[in-house]
Amino acid sequence: MVKRKKIALIGAGQIGGNLALLAAQKQLGDVVLYDVEKALGLAKGKALDLNQLRAVDGLDSMLSGTSDFKDLEGADVAIVTAGIPRKPGMSREDLTEVNLGIVKDVAPKLKQYCPNAFSIVLTNPLDAMVHALWKLTGFAKKQVVGMAGVLDTSRFRFFISEAVGCSIEDVHALVLGGHGDDMVPLVRQCSVGGIPLAEVLSPDKIDAIVKRTREGGAELVKLYQTGSAYFAPAASAMQMAESYLLDRKRVLPAAALLEGEYGIQGYFIGVPVQIGAGGVERVFEVKLNEDERAMLERSFISVKKTVETIRW
Ligand code: APR
């Protein structure tokens with residue numbers, strides 16, 4: 001008998017709720033939405049609401065809400081969105097202290113109840129929080145990954161497709177580096193239907209798109225006023241979870257622990273990785289030119305600075 005997979009969603013807020021919807025719609029497994037006790041109603045309410053759409057869509061995935069971590073026991077995948085989102089005027093780094101406290105609360109429970117879960121972190125500041133979760137759980141590096149690159153790349157692809165007026169499917173792109181304003185959208189590797197981007201858009205237009213991609217999160221925080229993006233982050237994380245659960249071996253940009261790749265040792269940062277049943281099965285090294293290397297170095301310095309402020 002093939003057992004249905006179990007997907008633990010730690011944090012039942014905006015992203016958590018959308019992750020639950022996507023997991024159910026893609027029939028990836030049963031979903032448990034976990035949140036703190038004072039948000040138990042939110043977790044249970046979202047699970048109930050979503051269970052009530054299963055008949056409409058003919059979905060077998062069962063959803064439940066809890067504030068008891070034991071209910072996550074044996075999860076195959078854990079997606080961590082527990083944490084505070086940004087408010088207008090805040091940087092992701094402003095969240096470090098509060099969200100580190102939350103990761104410190106989650107990590108030991110995750111280790112105890114879900115020791116084998118492929119763990120995808122979304123909590124910001126992303127590169128530092130995935131580092132913290134990895135360190136505090138003691139999980140293998142292939143078991144822990146941060147979601148940022150898929151989202152940043154998806155934003156980049158959208159802005160390009162809009163400017164060119166072409167199908168988003170034909171835009172291929174890659175964003176490397178930390179999930180901050182100095183992330184590295186790789187213009188040289190970007191193409192539209194196989195044609196280099198520089199042959200399709202003017203340098204001014206490309207520069208404006210790179211800037212808007214880097215500030216993509218802040219643009220949404222300003223529009224929403226009360227929080228940050230949630231539809232696209234949830235879809236991005238679910239793509240990673242799906243690649244693990246179905247052993248798709250997708251090559252996706254994500255924050256992985258580097259041990260010498262790109263000249264970086266002992267830090268998480270966004271790079272292309274292969275995600276399959278073995279977790280982060282491979283890190284790909286893109287050949288960068290001098291400018292790109294300098295941009296990645298700048299982004300890494302920012303990530304390192306944030307990690308260095310952490311009091312373990
Ligand atoms: N354990 C579990 N859940 C927690 C904990 C904790 N210790 N502390 C807070 N939470 C929950 C909150 O109760 C809330 O329901 O995390 C949830 C976060 O949901 P939202 O506030 O709606 O935030 P969301 O938009 O989902 O973003 C979550 O992801 O992209 C990042 O910057 C974003 O750090 C933020 C995180």
# chains A, B, ... in the order shown; residues from 1 in each chain; ligands from 1
$ closest_atom_pairs --of "chain A" --to "ligand 1" --cutoff "6 Å" --atoms "only C-alpha atoms and all ligand atoms" --output "JSON lines"
{"residue": "A:Ile10", "atom": "CA", "partner": "ligand 1", "partner_atom_place_in_ligand_line": "2 (C)", "distance": 5.4}
{"residue": "A:Gly11", "atom": "CA", "partner": "ligand 1", "partner_atom_place_in_ligand_line": "16 (O)", "distance": 4.0}
{"residue": "A:Ala12", "atom": "CA", "partner": "ligand 1", "partner_atom_place_in_ligand_line": "15 (O)", "distance": 4.7}
{"residue": "A:Gly13", "atom": "CA", "partner": "ligand 1", "partner_atom_place_in_ligand_line": "19 (O)", "distance": 3.3}
{"residue": "A:Gln14", "atom": "CA", "partner": "ligand 1", "partner_atom_place_in_ligand_line": "22 (O)", "distance": 3.8}
{"residue": "A:Ile15", "atom": "CA", "partner": "ligand 1", "partner_atom_place_in_ligand_line": "26 (O)", "distance": 3.8}
{"residue": "A:Gly16", "atom": "CA", "partner": "ligand 1", "partner_atom_place_in_ligand_line": "26 (O)", "distance": 5.6}
{"residue": "A:Asp35", "atom": "CA", "partner": "ligand 1", "partner_atom_place_in_ligand_line": "3 (N)", "distance": 4.1}
{"residue": "A:Val36", "atom": "CA", "partner": "ligand 1", "partner_atom_place_in_ligand_line": "2 (C)", "distance": 4.9}
{"residue": "A:Ala39", "atom": "CA", "partner": "ligand 1", "partner_atom_place_in_ligand_line": "13 (O)", "distance": 5.5}
{"residue": "A:Thr81", "atom": "CA", "partner": "ligand 1", "partner_atom_place_in_ligand_line": "28 (C)", "distance": 4.4}
{"residue": "A:Ala82", "atom": "CA", "partner": "ligand 1", "partner_atom_place_in_ligand_line": "16 (O)", "distance": 3.5}
{"residue": "A:Gly83", "atom": "CA", "partner": "ligand 1", "partner_atom_place_in_ligand_line": "34 (O)", "distance": 4.4}
{"residue": "A:Ile84", "atom": "CA", "partner": "ligand 1", "partner_atom_place_in_ligand_line": "34 (O)", "distance": 4.6}
{"residue": "A:Pro85", "atom": "CA", "partner": "ligand 1", "partner_atom_place_in_ligand_line": "35 (C)", "distance": 3.8}
{"residue": "A:Arg86", "atom": "CA", "partner": "ligand 1", "partner_atom_place_in_ligand_line": "32 (O)", "distance": 5.7}
{"residue": "A:Ile102", "atom": "CA", "partner": "ligand 1", "partner_atom_place_in_ligand_line": "7 (N)", "distance": 4.4}
{"residue": "A:Asp105", "atom": "CA", "partner": "ligand 1", "partner_atom_place_in_ligand_line": "7 (N)", "distance": 5.4}
{"residue": "A:Val106", "atom": "CA", "partner": "ligand 1", "partner_atom_place_in_ligand_line": "1 (N)", "distance": 5.8}
{"residue": "A:Leu122", "atom": "CA", "partner": "ligand 1", "partner_atom_place_in_ligand_line": "29 (O)", "distance": 4.8}
{"residue": "A:Thr123", "atom": "CA", "partner": "ligand 1", "partner_atom_place_in_ligand_line": "34 (O)", "distance": 3.8}
{"residue": "A:Asn124", "atom": "CA", "partner": "ligand 1", "partner_atom_place_in_ligand_line": "34 (O)", "distance": 4.2}
{"residue": "A:Gly227", "atom": "CA", "partner": "ligand 1", "partner_atom_place_in_ligand_line": "25 (O)", "distance": 5.9}
{"residue": "A:Ser228", "atom": "CA", "partner": "ligand 1", "partner_atom_place_in_ligand_line": "25 (O)", "distance": 5.4}
{"residue": "A:Tyr230", "atom": "CA", "partner": "ligand 1", "partner_atom_place_in_ligand_line": "25 (O)", "distance": 5.5}
$ write_last_selection --atoms "N, CA, C and O atoms" --output "short mmCIF file (atom, residue, chain, number, x, y, z; two decimals), in the first residue's frame"
data_model
loop_
_atom_site.label_atom_id
_atom_site.label_comp_id
_atom_site.auth_asym_id
_atom_site.auth_seq_id
_atom_site.Cartn_x
_atom_site.Cartn_y
_atom_site.Cartn_z
N ILE A 10 4.30 24.95 8.99
CA ILE A 10 4.56 25.57 10.30
C ILE A 10 4.38 27.07 10.12
O ILE A 10 5.21 27.75 9.52
N GLY A 11 3.25 27.56 10.62
CA GLY A 11 2.78 28.91 10.34
C GLY A 11 1.57 28.79 9.44
O GLY A 11 1.66 28.26 8.33
N ALA A 12 0.41 29.22 9.98
CA ALA A 12 -0.84 29.08 9.22
C ALA A 12 -1.35 30.45 8.79
O ALA A 12 -2.55 30.67 8.66
N GLY A 13 -0.41 31.37 8.55
CA GLY A 13 -0.80 32.73 8.16
C GLY A 13 -1.10 32.82 6.67
O GLY A 13 -1.63 31.88 6.07
N GLN A 14 -0.73 33.95 6.08
CA GLN A 14 -1.06 34.20 4.67
C GLN A 14 -0.39 33.19 3.74
O GLN A 14 -1.04 32.60 2.87
N ILE A 15 0.91 32.99 3.94
CA ILE A 15 1.60 32.04 3.05
C ILE A 15 1.17 30.62 3.41
O ILE A 15 0.90 29.80 2.52
N GLY A 16 1.08 30.32 4.69
CA GLY A 16 0.69 28.98 5.13
C GLY A 16 -0.64 28.54 4.53
O GLY A 16 -0.79 27.42 4.04
N ASP A 35 0.12 26.24 14.06
CA ASP A 35 0.41 27.62 14.47
C ASP A 35 0.44 27.67 15.99
O ASP A 35 0.12 26.68 16.66
N VAL A 36 0.81 28.81 16.54
CA VAL A 36 0.84 28.95 18.01
C VAL A 36 -0.58 28.86 18.56
O VAL A 36 -1.56 29.05 17.81
N ALA A 39 -3.27 31.31 17.77
CA ALA A 39 -3.74 31.31 16.37
C ALA A 39 -4.31 29.93 16.00
O ALA A 39 -4.42 29.62 14.80
N THR A 81 6.93 28.93 7.64
CA THR A 81 6.61 30.34 7.39
C THR A 81 6.34 31.05 8.71
O THR A 81 5.87 32.19 8.70
N ALA A 82 6.59 30.37 9.82
CA ALA A 82 6.38 30.99 11.14
C ALA A 82 7.25 32.23 11.21
O ALA A 82 8.45 32.16 10.95
N GLY A 83 6.63 33.35 11.55
CA GLY A 83 7.42 34.58 11.63
C GLY A 83 6.59 35.79 11.29
O GLY A 83 5.46 35.68 10.84
N ILE A 84 7.20 36.92 11.54
CA ILE A 84 6.53 38.20 11.29
C ILE A 84 6.89 38.67 9.88
O ILE A 84 8.06 38.61 9.50
N PRO A 85 5.91 39.14 9.10
CA PRO A 85 6.27 39.73 7.80
C PRO A 85 6.63 41.21 7.96
O PRO A 85 6.38 41.81 9.00
N ARG A 86 7.20 41.77 6.88
CA ARG A 86 7.57 43.19 6.91
C ARG A 86 6.37 44.11 6.89
O ARG A 86 5.32 43.75 6.35
N ILE A 102 11.50 33.06 16.90
CA ILE A 102 10.48 32.11 16.44
C ILE A 102 11.15 30.85 15.87
O ILE A 102 10.73 29.73 16.15
N ASP A 105 12.22 28.66 18.56
CA ASP A 105 11.09 27.92 19.14
C ASP A 105 10.74 26.70 18.26
O ASP A 105 10.50 25.60 18.77
N VAL A 106 10.76 26.91 16.96
CA VAL A 106 10.33 25.86 16.02
C VAL A 106 11.38 24.74 15.87
O VAL A 106 11.03 23.56 15.85
N LEU A 122 10.84 29.82 4.67
CA LEU A 122 10.46 31.06 3.97
C LEU A 122 10.61 32.29 4.87
O LEU A 122 10.57 33.41 4.39
N THR A 123 10.73 32.05 6.16
CA THR A 123 10.80 33.14 7.13
C THR A 123 11.96 34.08 6.80
O THR A 123 13.07 33.62 6.52
N ASN A 124 11.71 35.36 6.88
CA ASN A 124 12.73 36.37 6.56
C ASN A 124 13.41 36.90 7.82
O ASN A 124 12.82 36.87 8.89
N GLY A 227 1.34 43.62 5.42
CA GLY A 227 2.17 42.41 5.39
C GLY A 227 2.90 42.32 4.07
O GLY A 227 2.98 43.31 3.34
N SER A 228 3.42 41.13 3.76
CA SER A 228 4.18 41.00 2.51
C SER A 228 3.52 40.00 1.57
O SER A 228 2.44 39.48 1.86
N TYR A 230 2.23 36.88 -0.63
CA TYR A 230 1.93 35.51 -0.20
C TYR A 230 1.54 34.54 -1.31
O TYR A 230 1.85 33.36 -1.24
#
$ select_by_dssp --residues "region 77-295 of chain A" --states "strand (DSSP E or B)" --output "JSON, numbers by chain"
{"A": [77, 78, 79, 80, 118, 119, 120, 121, 144, 145, 146, 171, 172, 175, 176, 177, 184, 185, 191, 192, 195, 196, 250, 251, 252, 253, 254, 255, 256, 257, 258, 259, 265, 266, 267, 268, 269, 270, 271, 272, 273, 274, 275, 276, 279, 280, 281, 282, 283]}
$ select_by_dssp --residues "region 122-175 of chain A" --states "alpha helix (DSSP H)" --output "JSON, numbers by chain"
{"A": [126, 127, 128, 129, 130, 131, 132, 133, 134, 135, 136, 137, 149, 150, 151, 152, 153, 154, 155, 156, 157, 158, 159, 160, 161, 162, 163, 164]}
$ write_last_selection --atoms "N, CA, C and O atoms" --output "short mmCIF file (atom, residue, chain, number, x, y, z; two decimals), in the first residue's frame"
data_model
loop_
_atom_site.label_atom_id
_atom_site.label_comp_id
_atom_site.auth_asym_id
_atom_site.auth_seq_id
_atom_site.Cartn_x
_atom_site.Cartn_y
_atom_site.Cartn_z
N LEU A 126 15.57 35.70 4.89
CA LEU A 126 15.57 34.30 4.48
C LEU A 126 16.90 33.58 4.67
O LEU A 126 16.94 32.52 5.31
N ASP A 127 17.97 34.15 4.12
CA ASP A 127 19.24 33.42 4.14
C ASP A 127 19.75 33.19 5.57
O ASP A 127 20.35 32.16 5.86
N ALA A 128 19.47 34.14 6.46
CA ALA A 128 19.89 33.99 7.86
C ALA A 128 18.97 33.02 8.60
O ALA A 128 19.42 32.24 9.43
N MET A 129 17.68 33.06 8.31
CA MET A 129 16.74 32.20 9.03
C MET A 129 16.88 30.74 8.61
O MET A 129 16.75 29.85 9.43
N VAL A 130 17.17 30.48 7.34
CA VAL A 130 17.38 29.08 6.94
C VAL A 130 18.69 28.57 7.56
O VAL A 130 18.77 27.42 8.00
N HIS A 131 19.67 29.45 7.65
CA HIS A 131 20.93 29.11 8.31
C HIS A 131 20.64 28.72 9.77
O HIS A 131 21.11 27.69 10.28
N ALA A 132 19.84 29.55 10.45
CA ALA A 132 19.51 29.30 11.86
C ALA A 132 18.78 27.97 12.01
O ALA A 132 19.10 27.18 12.90
N LEU A 133 17.81 27.71 11.15
CA LEU A 133 17.05 26.47 11.28
C LEU A 133 17.96 25.25 11.07
O LEU A 133 17.89 24.26 11.80
N TRP A 134 18.84 25.35 10.09
CA TRP A 134 19.78 24.26 9.83
C TRP A 134 20.68 24.02 11.05
O TRP A 134 20.82 22.90 11.52
N LYS A 135 21.24 25.10 11.57
CA LYS A 135 22.17 24.99 12.69
C LYS A 135 21.46 24.47 13.95
O LYS A 135 21.97 23.61 14.65
N LEU A 136 20.27 24.99 14.21
CA LEU A 136 19.57 24.64 15.45
C LEU A 136 18.94 23.25 15.41
O LEU A 136 18.68 22.66 16.45
N THR A 137 18.66 22.73 14.23
CA THR A 137 18.13 21.36 14.15
C THR A 137 19.27 20.35 14.04
O THR A 137 19.11 19.19 14.42
N GLY A 149 14.92 32.11 -4.34
CA GLY A 149 15.32 32.21 -5.74
C GLY A 149 14.20 31.93 -6.73
O GLY A 149 14.10 32.59 -7.77
N VAL A 150 13.35 30.96 -6.41
CA VAL A 150 12.25 30.65 -7.34
C VAL A 150 11.33 31.87 -7.44
O VAL A 150 10.90 32.26 -8.53
N LEU A 151 11.07 32.49 -6.31
CA LEU A 151 10.21 33.68 -6.28
C LEU A 151 10.87 34.86 -7.00
O LEU A 151 10.25 35.52 -7.85
N ASP A 152 12.13 35.13 -6.68
CA ASP A 152 12.82 36.26 -7.30
C ASP A 152 12.92 36.07 -8.82
O ASP A 152 12.74 37.01 -9.60
N THR A 153 13.17 34.82 -9.23
CA THR A 153 13.27 34.52 -10.66
C THR A 153 11.91 34.66 -11.33
O THR A 153 11.80 35.14 -12.47
N SER A 154 10.88 34.25 -10.62
CA SER A 154 9.53 34.35 -11.18
C SER A 154 9.11 35.82 -11.36
O SER A 154 8.48 36.19 -12.36
N ARG A 155 9.51 36.65 -10.39
CA ARG A 155 9.25 38.09 -10.52
C ARG A 155 10.00 38.65 -11.73
O ARG A 155 9.44 39.40 -12.54
N PHE A 156 11.27 38.29 -11.85
CA PHE A 156 12.11 38.74 -12.95
C PHE A 156 11.49 38.33 -14.29
O PHE A 156 11.35 39.14 -15.21
N ARG A 157 11.04 37.09 -14.37
CA ARG A 157 10.45 36.57 -15.62
C ARG A 157 9.16 37.31 -15.96
O ARG A 157 8.87 37.61 -17.12
N PHE A 158 8.37 37.61 -14.92
CA PHE A 158 7.12 38.33 -15.16
C PHE A 158 7.40 39.72 -15.74
O PHE A 158 6.80 40.13 -16.74
N PHE A 159 8.32 40.45 -15.11
CA PHE A 159 8.60 41.83 -15.57
C PHE A 159 9.14 41.81 -17.01
O PHE A 159 8.82 42.69 -17.81
N ILE A 160 9.96 40.80 -17.32
CA ILE A 160 10.50 40.70 -18.69
C ILE A 160 9.36 40.41 -19.68
O ILE A 160 9.24 41.06 -20.73
N SER A 161 8.52 39.44 -19.34
CA SER A 161 7.44 39.06 -20.28
C SER A 161 6.50 40.24 -20.51
O SER A 161 6.02 40.45 -21.62
N GLU A 162 6.29 41.03 -19.44
CA GLU A 162 5.42 42.20 -19.56
C GLU A 162 6.05 43.23 -20.51
O GLU A 162 5.38 43.78 -21.38
N ALA A 163 7.36 43.47 -20.34
CA ALA A 163 8.04 44.48 -21.17
C ALA A 163 8.13 44.04 -22.63
O ALA A 163 7.99 44.84 -23.55
N VAL A 164 8.36 42.74 -22.83
CA VAL A 164 8.51 42.24 -24.21
C VAL A 164 7.14 42.03 -24.85
O VAL A 164 6.98 42.13 -26.07
#
$ closest_residue --among "A:Lys109, A:Arg54, A:Arg188, A:Lys304" --to "His172 (chain A)" --atoms "only C-alpha atoms"
A:Arg188
$ residues_around --residues "region 250-263 of chain A" --least-positions-apart "3" --cutoff "6 Å" --atoms "only C-alpha atoms" --output "list in words"
Val145, Gly146, Met147, Ala148, Gly149, Val150, Ser243, Gly266, Tyr267, Phe268, Ile269, Gly270, Val271, Pro272, Val273, Gln274 and Ile275 of chain A
$ atom_distance --atom1 "CA of Arg4 (chain A)" --atom2 "CA of Phe139 (chain A)"
23.7 Å
$ residues_around --residues "region 45-50 of chain A" --least-positions-apart "2" --cutoff "12 Å" --atoms "only C-alpha atoms" --output "count of residues only"
42
